[in-house]
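This is target09.txt (compact mmCIF, C-alpha atoms).
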# COMPACT_ATOMS: atom_id res chain seq x y z
CA MET A 1 61.31 112.68 98.28
CA MET A 2 63.46 113.10 95.18
CA ILE A 3 62.20 114.84 92.09
CA GLU A 4 63.65 114.65 88.60
CA ILE A 5 63.90 117.55 86.17
CA ARG A 6 64.39 117.42 82.44
CA GLN A 7 65.19 120.55 80.44
CA PHE A 8 65.19 120.55 76.64
CA LEU A 9 65.09 122.98 73.73
CA CYS A 10 61.83 123.88 72.02
CA ARG A 11 61.17 126.03 68.96
CA THR A 12 64.30 128.11 68.34
CA ASP A 13 65.59 129.13 71.76
CA ASN A 14 62.80 128.29 74.22
CA TYR A 15 63.38 125.84 77.03
CA GLY A 16 60.86 123.22 77.97
CA VAL A 17 61.06 121.90 81.53
CA ILE A 18 59.33 118.90 83.07
CA VAL A 19 59.37 118.29 86.84
CA HIS A 20 58.65 114.68 87.75
CA ASP A 21 57.90 113.19 91.15
CA GLY A 22 57.33 109.48 90.75
CA ALA A 23 56.37 108.90 94.37
CA ARG A 24 53.57 111.44 94.08
CA GLY A 25 52.61 110.49 90.53
CA VAL A 26 53.13 114.01 89.24
CA ALA A 27 54.76 115.22 86.04
CA VAL A 28 54.57 118.98 85.53
CA SER A 29 55.44 120.93 82.40
CA ILE A 30 56.54 124.50 83.04
CA ASP A 31 54.74 126.21 80.15
CA ALA A 32 54.16 124.32 76.91
CA PRO A 33 56.26 125.87 74.14
CA GLU A 34 56.05 123.00 71.64
CA GLU A 35 54.31 119.64 71.71
CA GLY A 36 56.91 117.50 69.93
CA PRO A 37 59.89 117.95 72.28
CA ILE A 38 57.62 117.62 75.32
CA LEU A 39 56.17 114.34 74.04
CA ALA A 40 59.62 113.05 73.11
CA THR A 41 60.89 113.69 76.64
CA LEU A 42 57.85 112.06 78.23
CA GLN A 43 58.14 109.00 76.00
CA ARG A 44 61.86 108.64 76.61
CA GLU A 45 61.37 108.79 80.38
CA GLY A 46 58.13 106.82 80.52
CA TRP A 47 56.27 109.65 82.25
CA ARG A 48 52.66 110.79 81.92
CA LEU A 49 52.04 114.53 82.08
CA THR A 50 49.61 115.61 84.82
CA HIS A 51 49.88 119.42 84.90
CA ILE A 52 51.02 122.48 82.99
CA LEU A 53 52.07 125.52 85.00
CA THR A 54 51.69 128.49 82.67
CA THR A 55 53.66 131.64 83.44
CA HIS A 56 52.22 134.05 80.87
CA HIS A 57 50.08 134.17 77.76
CA HIS A 58 52.65 134.47 74.96
CA ASN A 59 52.19 131.87 72.24
CA ASP A 60 55.72 130.52 72.54
CA HIS A 61 54.80 129.43 76.08
CA THR A 62 51.24 128.19 75.51
CA SER A 63 51.08 126.85 71.95
CA ALA A 64 50.99 123.19 73.05
CA ASN A 65 48.42 123.64 75.84
CA ALA A 66 45.40 122.43 73.89
CA ALA A 67 47.11 119.43 72.29
CA LEU A 68 48.65 118.23 75.57
CA LYS A 69 45.39 118.67 77.45
CA ALA A 70 43.52 116.68 74.80
CA ARG A 71 46.12 113.92 74.94
CA PHE A 72 46.56 113.60 78.71
CA GLY A 73 43.47 115.16 80.29
CA LEU A 74 45.82 117.20 82.47
CA GLU A 75 45.18 120.34 84.54
CA ILE A 76 46.43 123.72 83.32
CA ILE A 77 47.21 126.31 86.00
CA GLY A 78 48.06 129.89 85.11
CA PRO A 79 47.91 133.58 85.97
CA ARG A 80 44.57 135.00 87.07
CA GLY A 81 45.39 138.30 85.41
CA GLU A 82 45.67 136.59 82.02
CA ARG A 83 43.04 133.90 82.43
CA ASP A 84 41.18 134.89 79.25
CA ARG A 85 44.39 134.60 77.22
CA ILE A 86 45.64 131.17 78.40
CA PRO A 87 44.41 128.27 76.22
CA GLY A 88 42.70 125.53 78.22
CA LEU A 89 43.18 127.18 81.62
CA ASP A 90 41.56 125.20 84.46
CA ARG A 91 42.78 127.01 87.57
CA ALA A 92 43.73 130.67 87.89
CA VAL A 93 46.24 131.73 90.55
CA SER A 94 47.85 134.96 91.75
CA GLY A 95 50.93 136.02 93.66
CA GLY A 96 50.88 135.06 97.32
CA GLU A 97 48.86 131.90 96.70
CA ARG A 98 50.23 128.51 97.61
CA PHE A 99 48.98 125.20 96.31
CA ASP A 100 50.19 121.63 96.16
CA LEU A 101 50.20 119.00 93.46
CA ALA A 102 49.73 115.71 95.31
CA GLY A 103 51.98 117.14 98.04
CA LEU A 104 54.45 119.00 95.80
CA VAL A 105 54.22 122.53 97.20
CA VAL A 106 54.17 125.46 94.77
CA GLU A 107 54.19 129.17 95.63
CA VAL A 108 53.04 131.79 93.14
CA ILE A 109 54.97 135.05 92.75
CA ASP A 110 53.54 137.95 90.77
CA THR A 111 56.11 139.03 88.16
CA PRO A 112 54.36 141.42 85.75
CA GLY A 113 56.37 143.60 83.39
CA HIS A 114 57.07 141.32 80.45
CA THR A 115 53.31 140.81 80.31
CA ALA A 116 50.68 142.52 82.43
CA GLY A 117 49.78 139.48 84.54
CA GLY A 118 52.82 137.21 84.37
CA ILE A 119 53.72 134.98 87.30
CA SER A 120 56.62 132.81 88.41
CA TYR A 121 56.49 129.52 90.31
CA HIS A 122 58.59 128.76 93.38
CA MET A 123 58.92 125.27 94.89
CA PRO A 124 60.36 126.15 98.30
CA ASP A 125 61.03 122.63 99.55
CA GLU A 126 63.07 121.86 96.43
CA ARG A 127 64.66 125.35 96.25
CA LEU A 128 63.44 125.76 92.66
CA LEU A 129 62.29 128.89 90.83
CA PHE A 130 60.68 128.88 87.40
CA SER A 131 60.94 132.50 86.31
CA ASN A 132 60.59 132.01 82.56
CA ASP A 133 60.48 135.42 80.82
CA ALA A 134 60.69 137.60 83.94
CA LEU A 135 64.25 136.76 85.03
CA PHE A 136 66.79 135.31 82.62
CA SER A 137 70.34 134.19 83.26
CA LEU A 138 72.18 137.56 83.34
CA GLY A 139 69.10 139.32 81.97
CA CYS A 140 65.39 139.99 82.22
CA GLY A 141 62.39 140.08 79.91
CA ARG A 142 61.48 142.92 77.59
CA LEU A 143 58.80 145.29 78.86
CA PHE A 144 56.04 144.44 76.41
CA GLU A 145 53.09 145.17 78.71
CA GLY A 146 54.62 146.85 81.75
CA ASP A 147 56.93 149.66 82.71
CA ALA A 148 60.31 149.76 84.41
CA ALA A 149 58.88 150.31 87.88
CA THR A 150 56.63 147.26 87.53
CA MET A 151 59.40 144.97 86.32
CA TRP A 152 61.88 146.23 88.90
CA ALA A 153 59.36 145.42 91.65
CA SER A 154 58.87 141.96 90.16
CA LEU A 155 62.59 141.25 90.09
CA GLN A 156 62.96 142.41 93.69
CA ARG A 157 60.42 139.75 94.71
CA LEU A 158 62.50 137.09 93.01
CA ARG A 159 65.74 138.50 94.40
CA ALA A 160 64.36 138.04 97.92
CA LEU A 161 64.44 134.24 97.58
CA PRO A 162 67.35 132.28 99.08
CA ASP A 163 70.72 132.33 97.32
CA ASP A 164 70.73 128.55 96.90
CA THR A 165 67.57 128.63 94.78
CA THR A 166 68.03 127.03 91.36
CA VAL A 167 66.53 129.16 88.59
CA TYR A 168 65.05 127.81 85.37
CA CYS A 169 64.17 130.43 82.76
CA GLY A 170 62.36 130.34 79.45
CA HIS A 171 65.05 131.05 76.84
CA GLU A 172 68.71 130.51 76.00
CA TYR A 173 69.78 134.16 75.89
CA THR A 174 72.74 134.02 78.25
CA ALA A 175 75.59 134.60 75.83
CA THR A 176 74.17 137.90 74.59
CA ASN A 177 73.11 138.87 78.10
CA ALA A 178 76.65 138.17 79.32
CA ARG A 179 78.25 140.42 76.73
CA PHE A 180 75.82 143.21 77.58
CA ALA A 181 76.35 142.77 81.33
CA LEU A 182 80.10 143.01 80.92
CA ASP A 183 79.73 146.16 78.81
CA VAL A 184 77.77 147.96 81.54
CA ASP A 185 79.63 146.47 84.51
CA PRO A 186 83.20 145.83 83.31
CA GLY A 187 84.80 146.02 86.74
CA ASN A 188 82.76 143.17 88.23
CA LEU A 189 85.28 140.36 88.77
CA LEU A 190 82.58 137.77 89.50
CA LEU A 191 80.84 138.71 86.28
CA GLN A 192 84.08 138.36 84.36
CA GLU A 193 84.37 134.77 85.59
CA ARG A 194 80.75 134.02 84.72
CA VAL A 195 81.21 135.33 81.21
CA LYS A 196 84.14 132.96 80.72
CA GLU A 197 82.01 130.06 81.95
CA VAL A 198 79.16 130.99 79.64
CA GLU A 199 81.46 131.25 76.64
CA ALA A 200 82.91 127.82 77.40
CA GLN A 201 79.44 126.31 77.80
CA ARG A 202 78.26 127.65 74.47
CA VAL A 203 81.41 126.49 72.65
CA ALA A 204 80.72 123.02 74.07
CA GLY A 205 77.08 123.19 72.98
CA GLN A 206 75.84 123.11 76.56
CA ALA A 207 72.87 124.89 78.11
CA THR A 208 73.73 127.86 80.32
CA VAL A 209 70.72 127.32 82.56
CA PRO A 210 69.67 126.48 85.20
CA VAL A 211 71.58 129.00 87.29
CA ARG A 212 72.01 129.69 90.98
CA LEU A 213 70.08 132.72 92.21
CA GLY A 214 72.95 133.83 94.44
CA ASP A 215 75.18 134.12 91.37
CA GLU A 216 72.51 136.14 89.59
CA LYS A 217 72.25 138.54 92.52
CA ARG A 218 75.94 139.34 92.21
CA THR A 219 76.32 139.43 88.42
CA ASN A 220 72.99 140.16 86.73
CA PRO A 221 72.80 143.94 86.22
CA PHE A 222 69.00 143.89 86.18
CA LEU A 223 68.97 142.59 89.76
CA ARG A 224 71.42 145.30 90.82
CA ALA A 225 69.75 148.53 89.73
CA ASP A 226 69.96 149.70 93.35
CA ASP A 227 73.72 149.03 93.54
CA PRO A 228 75.53 152.41 93.70
CA GLY A 229 78.57 150.93 91.99
CA LEU A 230 76.58 149.82 88.97
CA ALA A 231 74.76 153.16 88.77
CA GLU A 232 78.11 154.93 88.77
CA ALA A 233 79.48 152.56 86.12
CA ILE A 234 76.73 153.58 83.67
CA GLY A 235 77.02 157.28 84.47
CA MET A 236 73.96 157.48 86.73
CA ALA A 237 75.49 157.91 90.19
CA GLY A 238 72.82 158.75 92.77
CA ALA A 239 69.92 158.02 90.41
CA ASP A 240 66.76 156.27 91.56
CA PRO A 241 66.94 152.48 91.01
CA VAL A 242 63.90 152.56 88.74
CA ALA A 243 65.65 155.07 86.49
CA VAL A 244 68.79 152.93 86.48
CA PHE A 245 66.76 149.84 85.64
CA ALA A 246 64.92 151.68 82.85
CA ALA A 247 68.22 152.83 81.37
CA LEU A 248 69.66 149.32 81.49
CA ARG A 249 66.58 147.81 79.85
CA GLU A 250 66.58 150.46 77.11
CA ARG A 251 70.25 149.84 76.37
CA ARG A 252 69.66 146.09 76.23
CA ASN A 253 66.73 146.55 73.81
CA GLY A 254 69.10 147.94 71.21
CA TYR A 255 72.05 145.71 72.00

If you took the structure in this file and wrote it as structure tokens, what would it be?
Amino acid sequence: MMIEIRQFLCRTDNYGVIVHDGARGVAVSIDAPEEGPILATLQREGWRLTHILTTHHHNDHTSANAALKARFGLEIIGPRGERDRIPGLDRAVSGGERFDLAGLVVEVIDTPGHTAGGISYHMPDERLLFSNDALFSLGCGRLFEGDAATMWASLQRLRALPDDTTVYCGHEYTATNARFALDVDPGNLLLQERVKEVEAQRVAGQATVPVRLGDEKRTNPFLRADDPGLAEAIGMAGADPVAVFAALRERRNGY
């Protein structure tokens, strides 16, 4: 069965994403950053929202939960570890759980670090990953409620998925991430090509996501903290991957 995906900007740089499966009668919003753009997309497509899959509690990902639930009577699913902080939550889930939405299979992956209980959603049959603020295109989320070891473990779980997985993330940060990545990994030829692509996309006013996970594995420095070449490039040859990751994240914080 074919699904349709619509991605659109919300707020300043958030992405809204709706996954629609007409045969199953399902329309799923990945987080709910802003009601207006979500409603506009639904109205344009003639879809009725049935679910919200919440990744973490931050307001820029949950602010439209209550309004959309009141309008559509939908079900909100979100992280068990943040259940008291998710507006309108109906079903709490944790990493390792698997559920289906009228036959649309969803796997839950624990990805704490950005927040203490954040999760990502994987649709294995469709080769889709919704990582939101855990993994970005050429970047990762800030460590607001976790430490480097926690986030590195989270990213390793996502890295283990197949290369042909399509990744949707929560923000348009790729241009800055690309410049940073090239600064810390200047000899990476694949990264050099990606940076050119990103620059061209932004000049054309295009979104830089979704991205292919296989490309991220080879060019995103935050997925490569255990790569000896990257460690050497930042002056940390032989260092533990957690230390390398922590150094990368600290550098990016001030970039």

Please identify every residue of region 160-187 of chain A that has at least one atom no farther than 10 Å from an atom of region 214-236 of chain A, counting only C-alpha atoms, and for each give the shortest atom pair and the distance in Å to one decimal, arranged by chain then increasing number, as a Markdown table.
| residue | atom | partner | partner_atom | distance |
| --- | --- | --- | --- | --- |
| A:Ala160 | CA | A:Lys217 | CA | 9.6 |
| A:Leu161 | CA | A:Gly214 | CA | 9.1 |
| A:Pro162 | CA | A:Gly214 | CA | 7.4 |
| A:Asp163 | CA | A:Gly214 | CA | 3.9 |
| A:Asp164 | CA | A:Gly214 | CA | 6.2 |
| A:Thr165 | CA | A:Gly214 | CA | 7.5 |
| A:Thr166 | CA | A:Gly214 | CA | 8.9 |
| A:Val167 | CA | A:Glu216 | CA | 9.2 |
| A:Asn177 | CA | A:Asn220 | CA | 8.7 |
| A:Ala178 | CA | A:Asn220 | CA | 8.5 |
| A:Phe180 | CA | A:Pro221 | CA | 9.2 |
| A:Ala181 | CA | A:Pro221 | CA | 6.2 |
| A:Leu182 | CA | A:Pro221 | CA | 9.1 |
| A:Asp183 | CA | A:Ile234 | CA | 9.4 |
| A:Val184 | CA | A:Ile234 | CA | 6.1 |
| A:Asp185 | CA | A:Ala233 | CA | 6.3 |
| A:Pro186 | CA | A:Ala233 | CA | 8.2 |
| A:Gly187 | CA | A:Ala233 | CA | 8.5 |

Save the residues we just selected, C-alpha atoms, as an mmCIF file, in the frame of the given file?
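Below you can see result-v4.cif, which holds the result:
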data_model
loop_
_atom_site.group_PDB
_atom_site.id
_atom_site.type_symbol
_atom_site.label_atom_id
_atom_site.label_comp_id
_atom_site.auth_asym_id
_atom_site.auth_seq_id
_atom_site.Cartn_x
_atom_site.Cartn_y
_atom_site.Cartn_z
ATOM 1 C CA ALA A 160 64.360 138.040 97.920
ATOM 2 C CA LEU A 161 64.440 134.240 97.580
ATOM 3 C CA PRO A 162 67.350 132.280 99.080
ATOM 4 C CA ASP A 163 70.720 132.330 97.320
ATOM 5 C CA ASP A 164 70.730 128.550 96.900
ATOM 6 C CA THR A 165 67.570 128.630 94.780
ATOM 7 C CA THR A 166 68.030 127.030 91.360
ATOM 8 C CA VAL A 167 66.530 129.160 88.590
ATOM 9 C CA ASN A 177 73.110 138.870 78.100
ATOM 10 C CA ALA A 178 76.650 138.170 79.320
ATOM 11 C CA PHE A 180 75.820 143.210 77.580
ATOM 12 C CA ALA A 181 76.350 142.770 81.330
ATOM 13 C CA LEU A 182 80.100 143.010 80.920
ATOM 14 C CA ASP A 183 79.730 146.160 78.810
ATOM 15 C CA VAL A 184 77.770 147.960 81.540
ATOM 16 C CA ASP A 185 79.630 146.470 84.510
ATOM 17 C CA PRO A 186 83.200 145.830 83.310
ATOM 18 C CA GLY A 187 84.800 146.020 86.740
#

A:Ala40, A:Ala149, A:Val211, A:Val203: which is nearest Val242 (chain A), counting only C-alpha atoms?
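Among A:Ala40, A:Ala149, A:Val211, A:Val203, it is A:Ala149 that comes nearest to Val242 (chain A).
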
Near-Pro112 (chain A) list (7 Å; all atoms listed in the file; drop same-chain fewer than 6 positions) as a ChimeraX atom specification
/A:118-119,146,150-151,154

Among listed residues A:Ser29, A:Thr55, A:Thr50, A:Ser94, nearest Phe8 (chain A) (using all atoms listed in the file):
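Among the listed residues, the smallest separation from Phe8 (chain A) belongs to A:Ser29.
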
Counting all atoms listed in the file, the residue of A:Ala148, A:Leu135, A:Leu49, A:Ala92 that sits nearest Tyr173 (chain A):
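Closest to Tyr173 (chain A) of all the choices is A:Leu135.
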
How about completing region 173-195 of chain A with N, CA, C and O atoms and giving it to me as a CSV table (one decimal), in the coordinates of the input?
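So out_21.csv came out as:
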chain,number,residue,atom,x,y,z
A,173,TYR,N,69.3,132.8,76.3
A,173,TYR,CA,69.8,134.2,75.9
A,173,TYR,C,71.1,134.5,76.6
A,173,TYR,O,71.5,135.7,76.5
A,174,THR,N,71.7,133.6,77.3
A,174,THR,CA,72.7,134.0,78.2
A,174,THR,C,74.0,134.6,77.6
A,174,THR,O,74.6,135.5,78.1
A,175,ALA,N,74.4,134.1,76.4
A,175,ALA,CA,75.6,134.6,75.8
A,175,ALA,C,75.5,136.1,75.5
A,175,ALA,O,76.4,136.9,75.8
A,176,THR,N,74.4,136.5,74.9
A,176,THR,CA,74.2,137.9,74.6
A,176,THR,C,74.0,138.7,75.9
A,176,THR,O,74.6,139.8,76.0
A,177,ASN,N,73.3,138.2,76.8
A,177,ASN,CA,73.1,138.9,78.1
A,177,ASN,C,74.5,139.1,78.8
A,177,ASN,O,74.7,140.1,79.4
A,178,ALA,N,75.3,138.1,78.7
A,178,ALA,CA,76.6,138.2,79.3
A,178,ALA,C,77.5,139.3,78.7
A,178,ALA,O,78.2,140.0,79.4
A,179,ARG,N,77.5,139.4,77.4
A,179,ARG,CA,78.2,140.4,76.7
A,179,ARG,C,77.7,141.8,77.1
A,179,ARG,O,78.5,142.7,77.4
A,180,PHE,N,76.4,141.9,77.2
A,180,PHE,CA,75.8,143.2,77.6
A,180,PHE,C,76.2,143.5,79.0
A,180,PHE,O,76.6,144.7,79.3
A,181,ALA,N,76.1,142.5,79.9
A,181,ALA,CA,76.4,142.8,81.3
A,181,ALA,C,77.8,143.2,81.5
A,181,ALA,O,78.1,144.2,82.3
A,182,LEU,N,78.7,142.6,80.8
A,182,LEU,CA,80.1,143.0,80.9
A,182,LEU,C,80.3,144.4,80.4
A,182,LEU,O,81.2,145.2,80.9
A,183,ASP,N,79.6,144.8,79.4
A,183,ASP,CA,79.7,146.2,78.8
A,183,ASP,C,79.3,147.2,79.8
A,183,ASP,O,80.0,148.3,79.9
A,184,VAL,N,78.3,146.9,80.6
A,184,VAL,CA,77.8,148.0,81.5
A,184,VAL,C,78.4,147.8,82.9
A,184,VAL,O,78.3,148.8,83.7
A,185,ASP,N,79.1,146.7,83.2
A,185,ASP,CA,79.6,146.5,84.5
A,185,ASP,C,81.0,145.8,84.4
A,185,ASP,O,81.3,144.7,84.9
A,186,PRO,N,81.9,146.5,83.7
A,186,PRO,CA,83.2,145.8,83.3
A,186,PRO,C,84.1,145.5,84.5
A,186,PRO,O,85.0,144.7,84.4
A,187,GLY,N,83.9,146.2,85.6
A,187,GLY,CA,84.8,146.0,86.7
A,187,GLY,C,84.4,144.9,87.7
A,187,GLY,O,85.1,144.6,88.7
A,188,ASN,N,83.3,144.2,87.4
A,188,ASN,CA,82.8,143.2,88.2
A,188,ASN,C,83.5,141.9,88.0
A,188,ASN,O,83.4,141.2,87.0
A,189,LEU,N,84.4,141.5,88.9
A,189,LEU,CA,85.3,140.4,88.8
A,189,LEU,C,84.5,139.1,88.7
A,189,LEU,O,84.8,138.1,88.0
A,190,LEU,N,83.4,139.0,89.5
A,190,LEU,CA,82.6,137.8,89.5
A,190,LEU,C,81.9,137.6,88.2
A,190,LEU,O,81.8,136.5,87.6
A,191,LEU,N,81.5,138.7,87.6
A,191,LEU,CA,80.8,138.7,86.3
A,191,LEU,C,81.8,138.3,85.2
A,191,LEU,O,81.5,137.5,84.3
A,192,GLN,N,83.1,138.8,85.3
A,192,GLN,CA,84.1,138.4,84.4
A,192,GLN,C,84.3,136.8,84.3
A,192,GLN,O,84.4,136.2,83.3
A,193,GLU,N,84.2,136.2,85.5
A,193,GLU,CA,84.4,134.8,85.6
A,193,GLU,C,83.1,134.1,85.0
A,193,GLU,O,83.3,133.1,84.3
A,194,ARG,N,82.0,134.6,85.3
A,194,ARG,CA,80.8,134.0,84.7
A,194,ARG,C,80.8,134.1,83.2
A,194,ARG,O,80.3,133.1,82.5
A,195,VAL,N,81.2,135.2,82.7
A,195,VAL,CA,81.2,135.3,81.2
A,195,VAL,C,82.1,134.3,80.6
A,195,VAL,O,81.8,133.7,79.6
